[in-house]
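Chemist: If it helps, the file is called run.cif and holds mmCIF, C-alpha atoms and all ligand atoms:
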```cif
data_input
loop_
_atom_site.label_atom_id
_atom_site.label_comp_id
_atom_site.auth_asym_id
_atom_site.auth_seq_id
_atom_site.Cartn_x
_atom_site.Cartn_y
_atom_site.Cartn_z
CA MET A 26 13.81 -173.36 -31.13
CA ARG A 27 16.06 -176.43 -31.24
CA THR A 28 17.20 -177.76 -27.86
CA PRO A 29 20.92 -178.45 -28.13
CA CYS A 30 22.01 -182.03 -27.50
CA ILE A 31 25.53 -182.69 -26.23
CA ALA A 32 26.68 -186.30 -26.04
CA ALA A 33 29.80 -187.97 -24.64
CA ASN A 34 31.20 -190.75 -26.82
CA TRP A 35 33.60 -192.68 -24.62
CA LYS A 36 34.56 -195.19 -27.32
CA LEU A 37 36.54 -198.18 -26.00
CA GLN A 38 37.22 -196.69 -22.60
CA LYS A 39 36.14 -196.92 -18.92
CA THR A 40 35.39 -199.90 -16.71
CA VAL A 41 32.06 -200.17 -14.88
CA ALA A 42 33.65 -198.69 -11.74
CA GLU A 43 35.08 -195.78 -13.76
CA VAL A 44 31.72 -195.10 -15.39
CA GLU A 45 29.99 -195.11 -12.00
CA ALA A 46 32.59 -192.77 -10.52
CA PHE A 47 32.21 -190.43 -13.50
CA ILE A 48 28.43 -190.31 -13.09
CA ASP A 49 28.67 -189.67 -9.33
CA ALA A 50 30.97 -186.73 -9.99
CA PHE A 51 29.13 -185.47 -13.07
CA LEU A 52 25.44 -185.40 -12.06
CA PRO A 53 25.83 -182.73 -9.34
CA LEU A 54 27.74 -180.51 -11.81
CA VAL A 55 24.93 -180.54 -14.39
CA LYS A 56 21.78 -181.00 -12.30
CA ASP A 57 20.71 -177.38 -12.78
CA ASN A 58 21.25 -177.44 -16.54
CA THR A 59 17.79 -177.24 -18.09
CA THR A 60 18.81 -175.97 -21.50
CA VAL A 61 20.86 -178.84 -22.91
CA GLU A 62 19.84 -182.44 -23.61
CA ILE A 63 22.79 -184.34 -22.11
CA VAL A 64 23.75 -187.87 -23.17
CA LEU A 65 26.47 -190.35 -22.14
CA ALA A 66 27.55 -193.25 -24.36
CA PRO A 67 29.64 -195.82 -22.44
CA VAL A 68 30.80 -199.21 -23.72
CA PHE A 69 28.18 -201.99 -23.82
CA THR A 70 29.48 -203.64 -20.64
CA ALA A 71 28.86 -200.49 -18.56
CA LEU A 72 25.40 -199.62 -19.92
CA HIS A 73 23.43 -201.50 -17.28
CA ALA A 74 25.27 -199.92 -14.36
CA ALA A 75 25.13 -196.49 -16.01
CA GLY A 76 21.39 -196.85 -16.67
CA LYS A 77 20.75 -197.50 -12.98
CA LYS A 78 22.80 -194.49 -11.90
CA LEU A 79 21.20 -192.16 -14.44
CA ALA A 80 17.58 -193.19 -13.73
CA GLY A 81 15.53 -190.13 -12.79
CA SER A 82 18.33 -187.70 -13.70
CA ASN A 83 18.53 -185.12 -16.47
CA VAL A 84 21.16 -187.18 -18.31
CA GLY A 85 20.22 -189.74 -20.97
CA LEU A 86 21.98 -192.97 -21.90
CA SER A 87 23.16 -194.04 -25.34
CA SER A 88 24.91 -197.02 -26.85
CA GLN A 89 27.77 -196.48 -29.30
CA ASP A 90 26.40 -199.01 -31.78
CA VAL A 91 23.68 -201.65 -32.20
CA TYR A 92 22.68 -204.52 -34.47
CA HIS A 93 19.50 -204.31 -36.48
CA GLU A 94 18.08 -207.76 -35.78
CA GLU A 95 15.97 -208.28 -32.67
CA LYS A 96 17.08 -211.79 -31.79
CA GLY A 97 18.44 -214.99 -33.24
CA ALA A 98 21.68 -216.52 -34.38
CA PHE A 99 23.83 -213.36 -34.43
CA THR A 100 26.68 -214.24 -32.12
CA GLY A 101 28.16 -211.24 -30.36
CA GLU A 102 25.51 -208.72 -31.33
CA VAL A 103 23.17 -206.54 -29.24
CA SER A 104 19.67 -205.55 -30.34
CA PRO A 105 17.78 -202.27 -29.84
CA SER A 106 15.30 -203.74 -27.36
CA LEU A 107 18.15 -205.11 -25.22
CA LEU A 108 19.56 -201.58 -25.12
CA MET A 109 16.15 -200.24 -24.08
CA ASP A 110 16.09 -202.91 -21.39
CA VAL A 111 19.16 -201.37 -19.71
CA GLY A 112 17.90 -197.80 -19.97
CA CYS A 113 19.16 -196.52 -23.34
CA LYS A 114 17.11 -193.85 -25.05
CA TYR A 115 19.64 -193.19 -27.81
CA ALA A 116 21.98 -195.17 -30.02
CA ILE A 117 24.86 -193.79 -32.08
CA VAL A 118 25.25 -195.24 -35.56
CA GLY A 119 27.69 -194.62 -38.35
CA HIS A 120 30.61 -193.25 -36.40
CA SER A 121 33.56 -192.89 -38.78
CA GLU A 122 35.47 -195.48 -36.77
CA ARG A 123 32.71 -198.02 -37.44
CA ARG A 124 32.59 -197.06 -41.10
CA GLU A 125 36.35 -197.37 -41.42
CA TYR A 126 37.32 -200.35 -39.22
CA PHE A 127 34.13 -202.40 -39.59
CA ASN A 128 33.27 -201.48 -43.18
CA GLU A 129 29.78 -200.29 -42.29
CA THR A 130 27.96 -198.94 -45.31
CA ASP A 131 25.14 -196.41 -45.45
CA GLU A 132 22.73 -199.18 -46.41
CA PHE A 133 23.68 -201.22 -43.33
CA LEU A 134 23.54 -198.12 -41.11
CA ASN A 135 20.08 -197.36 -42.43
CA LYS A 136 18.91 -200.80 -41.24
CA LYS A 137 20.37 -200.15 -37.81
CA ALA A 138 18.80 -196.70 -37.61
CA LYS A 139 15.36 -198.06 -38.54
CA ALA A 140 15.63 -200.80 -35.92
CA ILE A 141 16.63 -198.26 -33.25
CA GLN A 142 13.61 -196.12 -34.02
CA ALA A 143 11.27 -199.11 -34.20
CA ALA A 144 12.30 -199.95 -30.64
CA GLY A 145 11.44 -196.39 -29.56
CA MET A 146 14.92 -194.91 -29.27
CA THR A 147 16.50 -191.87 -30.90
CA VAL A 148 19.23 -192.33 -33.50
CA ILE A 149 22.39 -190.23 -33.41
CA PHE A 150 23.50 -190.64 -37.03
CA CYS A 151 27.11 -189.67 -37.78
CA CYS A 152 28.45 -188.37 -41.07
CA GLY A 153 31.69 -186.70 -42.06
CA GLU A 154 34.49 -186.52 -44.58
CA PRO A 155 38.19 -187.44 -44.53
CA LEU A 156 40.80 -184.75 -45.14
CA SER A 157 41.44 -185.86 -48.73
CA VAL A 158 37.77 -185.29 -49.59
CA ARG A 159 37.72 -181.86 -47.94
CA GLU A 160 40.89 -180.89 -49.81
CA SER A 161 39.45 -182.00 -53.11
CA GLY A 162 36.36 -179.84 -52.55
CA LYS A 163 33.98 -182.82 -52.57
CA THR A 164 32.77 -182.64 -48.96
CA ASN A 165 29.17 -181.79 -49.79
CA ASP A 166 28.89 -184.56 -52.38
CA LEU A 167 30.15 -187.14 -49.91
CA LEU A 168 27.84 -185.91 -47.14
CA ALA A 169 24.85 -185.90 -49.49
CA GLY A 170 25.56 -189.54 -50.33
CA GLN A 171 25.84 -190.51 -46.65
CA LEU A 172 22.56 -188.75 -45.85
CA ASP A 173 20.69 -190.09 -48.90
CA GLY A 174 21.65 -193.67 -48.09
CA GLY A 175 21.59 -193.52 -44.30
CA LEU A 176 18.43 -191.56 -43.58
CA LYS A 177 16.02 -193.21 -46.00
CA GLY A 178 12.63 -193.84 -44.39
CA LEU A 179 13.58 -192.61 -40.93
CA ASP A 180 11.27 -190.89 -38.45
CA THR A 181 12.73 -187.40 -38.24
CA ASN A 182 11.35 -186.88 -34.73
CA LYS A 183 13.69 -189.53 -33.41
CA LEU A 184 16.77 -188.48 -35.29
CA ILE A 185 19.80 -186.36 -34.41
CA LEU A 186 22.64 -185.85 -36.87
CA ALA A 187 26.27 -185.59 -35.90
CA TYR A 188 28.62 -183.97 -38.39
CA GLU A 189 32.14 -185.13 -37.60
CA PRO A 190 34.91 -184.21 -40.03
CA ILE A 191 37.27 -187.18 -39.71
CA TRP A 192 40.34 -184.95 -39.82
CA ALA A 193 39.12 -183.26 -36.62
CA ILE A 194 38.43 -186.41 -34.60
CA GLY A 195 40.96 -186.96 -31.84
CA THR A 196 43.49 -184.76 -33.61
CA GLY A 197 43.15 -181.58 -31.58
CA VAL A 198 42.32 -179.81 -34.87
CA THR A 199 38.79 -178.45 -34.73
CA ALA A 200 36.82 -177.22 -37.70
CA SER A 201 36.66 -173.46 -37.44
CA PRO A 202 33.22 -172.09 -36.53
CA GLU A 203 32.99 -170.85 -40.14
CA GLN A 204 33.77 -174.29 -41.56
CA ALA A 205 31.34 -175.95 -39.15
CA GLN A 206 28.57 -173.47 -39.91
CA GLU A 207 29.05 -173.72 -43.66
CA THR A 208 28.86 -177.51 -43.60
CA HIS A 209 25.97 -177.66 -41.12
CA LYS A 210 24.07 -175.24 -43.32
CA PHE A 211 24.65 -177.49 -46.30
CA ILE A 212 23.48 -180.54 -44.30
CA ARG A 213 20.31 -178.72 -43.25
CA SER A 214 19.59 -177.70 -46.83
CA HIS A 215 20.09 -181.29 -47.96
CA ILE A 216 17.77 -182.55 -45.21
CA GLU A 217 15.16 -180.14 -46.54
CA LYS A 218 15.59 -181.64 -49.98
CA ILE A 219 15.25 -185.26 -48.89
CA LEU A 220 13.07 -185.10 -45.76
CA GLY A 221 11.18 -181.81 -46.08
CA ALA A 222 11.21 -178.31 -44.63
CA ASP A 223 9.75 -179.19 -41.22
CA ALA A 224 12.34 -181.89 -40.64
CA ALA A 225 15.12 -179.52 -41.70
CA ALA A 226 13.93 -176.79 -39.36
CA SER A 227 13.66 -179.04 -36.31
CA MET A 228 16.62 -181.41 -36.86
CA ARG A 229 19.43 -181.12 -34.34
CA ILE A 230 22.85 -181.25 -36.00
CA GLN A 231 25.71 -181.87 -33.59
CA TYR A 232 29.28 -180.97 -34.40
CA GLY A 233 31.99 -183.46 -33.41
CA GLY A 234 35.78 -183.35 -33.65
CA SER A 235 38.06 -182.06 -30.87
CA VAL A 236 35.30 -180.16 -29.06
CA LYS A 237 36.57 -178.97 -25.69
CA PRO A 238 35.68 -176.44 -22.97
CA GLY A 239 37.75 -173.77 -24.75
CA ASN A 240 36.00 -173.95 -28.13
CA VAL A 241 32.46 -175.16 -27.40
CA LYS A 242 31.00 -171.68 -27.02
CA GLU A 243 32.09 -170.40 -30.41
CA LEU A 244 30.89 -173.58 -32.12
CA MET A 245 27.53 -173.47 -30.34
CA ALA A 246 27.12 -169.83 -31.38
CA CYS A 247 26.84 -170.95 -35.02
CA GLU A 248 23.27 -170.79 -36.26
CA ASP A 249 23.11 -174.38 -37.52
CA VAL A 250 25.16 -176.07 -34.79
CA ASP A 251 22.77 -177.63 -32.27
CA GLY A 252 25.04 -179.56 -29.98
CA ALA A 253 28.18 -181.64 -29.92
CA LEU A 254 29.44 -185.20 -29.93
CA VAL A 255 32.50 -185.21 -27.71
CA GLY A 256 35.20 -187.86 -27.43
CA GLY A 257 38.45 -187.05 -25.60
CA ALA A 258 37.20 -184.03 -23.66
CA SER A 259 34.21 -185.98 -22.32
CA LEU A 260 36.30 -188.50 -20.38
CA GLU A 261 36.69 -186.29 -17.30
CA ALA A 262 33.54 -185.22 -15.45
CA GLU A 263 34.75 -181.67 -14.85
CA SER A 264 35.71 -181.12 -18.49
CA PHE A 265 32.48 -182.56 -19.91
CA ALA A 266 30.42 -180.58 -17.39
CA GLN A 267 32.13 -177.39 -18.56
CA ILE A 268 31.17 -178.30 -22.12
CA VAL A 269 27.50 -178.98 -21.38
CA ASN A 270 27.32 -175.89 -19.16
CA PHE A 271 28.78 -173.71 -21.94
CA GLY A 272 25.85 -171.33 -21.60
CA GLY A 273 26.88 -170.43 -18.03
P1 LIG A 301 37.06 -186.23 -30.21
O1 LIG A 301 36.10 -187.39 -30.76
O2 LIG A 301 36.19 -185.26 -29.44
O3 LIG A 301 38.06 -186.93 -29.33
O4 LIG A 301 37.69 -185.58 -31.38
C1 LIG A 301 34.83 -187.11 -31.26
C2 LIG A 301 34.16 -188.36 -31.75
O5 LIG A 301 34.84 -189.22 -32.34
O6 LIG A 301 32.94 -188.55 -31.59
#
```
Let's see the structure in the file written out as structure tokens.
Ligand code: PGA
Modeler:
Amino acid sequence: MRTPCIAANWKLQKTVAEVEAFIDAFLPLVKDNTTVEIVLAPVFTALHAAGKKLAGSNVGLSSQDVYHEEKGAFTGEVSPSLLMDVGCKYAIVGHSERREYFNETDEFLNKKAKAIQAAGMTVIFCCGEPLSVRESGKTNDLLAGQLDGGLKGLDTNKLILAYEPIWAIGTGVTASPEQAQETHKFIRSHIEKILGADAAASMRIQYGGSVKPGNVKELMACEDVDGALVGGASLEAESFAQIVNFGG
């Protein structure tokens, strides 16, 4: 049985005070939820405050990115152990916005993912195709390439995948449950090929792209969908609580 993991990706949003207010409102709404692994990913500047508020709760903390070096002359960067220091147990890598705007390659993401795991945290590794690739029927080829390059040498016990079709991110257009299931199934079969049957059976694969309270249930009902990575609909405590409490 795979425990679903549902994570909020707040991107470049929320001040420290807003993050604290969210957590104060959110924790009571989800405190009885024992079936979902719940994660919040604020901006770097709010991680410390969020870590203090979440200590001892059933909600984990994630960064949205990380740098793979531990220390040194890397102006502006943040290392995995510094994230651990403020309470992070997870780090997202490879979000399509990072791939697109910051030219992050699978090779570079693989370095980050290894460094995250070496520090003791869990990687949330994102993959996904643009609309042009889906329309040309090459989605699986592109995903296979992202997984081959990005997941090389990783500890599968500290790894969660997030499948996020780029055409569904922030657009209000969600992949249909059939499209999500078909692609998740392909991802799981590819994981089996590159990382083995045990890893494939236990790997959580989140779906991301316009997940909201109204569609989470049908997506989570898909056999190979084991959680969600949620942007827009995670910004309000009530809305994100409805998503994580999808099971009732
Ligand atoms: P969205 O974003 O839920 O706003 O579509 C998802 C994401 O980018 O992780």
Chemist: Which neighbours of A:Ala140 fall inside 8 Å, counting only C-alpha atoms, when residues of the same chain fewer than 3 positions from it are skipped, and could you give them as a short mmCIF file (atom, residue, chain, number, x, y, z; two decimals) with C-alpha atoms, keeping the file's coordinate frame?
Modeler:
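Output below, filename part.cif:
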```cif
data_model
loop_
_atom_site.label_atom_id
_atom_site.label_comp_id
_atom_site.auth_asym_id
_atom_site.auth_seq_id
_atom_site.Cartn_x
_atom_site.Cartn_y
_atom_site.Cartn_z
CA HIS A 93 19.50 -204.31 -36.48
CA GLU A 94 18.08 -207.76 -35.78
CA PRO A 105 17.78 -202.27 -29.84
CA LYS A 136 18.91 -200.80 -41.24
CA LYS A 137 20.37 -200.15 -37.81
CA ALA A 143 11.27 -199.11 -34.20
CA ALA A 144 12.30 -199.95 -30.64
#
```
Chemist: Can I get the residues close to ligand LIG 301 (chain A) as a list in words, where close means within 7 Å and we count all atoms listed in the file?
Modeler: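 Result of the 7 Å neighbour search around ligand LIG 301 (chain A): Asn34, Glu189, Ala193, Ile194, Gly195, Thr196, Gly197, Gly233, Gly234, Ser235, Val236, Leu254, Val255, Gly256, Gly257 and Ala258 of chain A.
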Chemist: If you count all atoms listed in the file, which residues fall within 10 Å of A:Phe211, apart from same-chain ones fewer than 2 positions away, as a count of residues only?
Modeler: 15
Chemist: Using only C-alpha atoms, which of the listed residues (A:Leu107, A:Cys247, A:Ala138, A:Ala32) sits closest to A:Gly174?
Modeler: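 Going through A:Leu107, A:Cys247, A:Ala138, A:Ala32 one by one, the smallest distance to A:Gly174 is for A:Ala138.
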Chemist: For A:Phe265, work out the shell of residues within 12 Å, counting only C-alpha atoms and skipping chain neighbours fewer than 4 positions away, then give it as a PyMOL selection string.
Modeler: chain A and resi 31-35+47-48+50-52+54-55+63-65+236-239+241+253-261+269-271
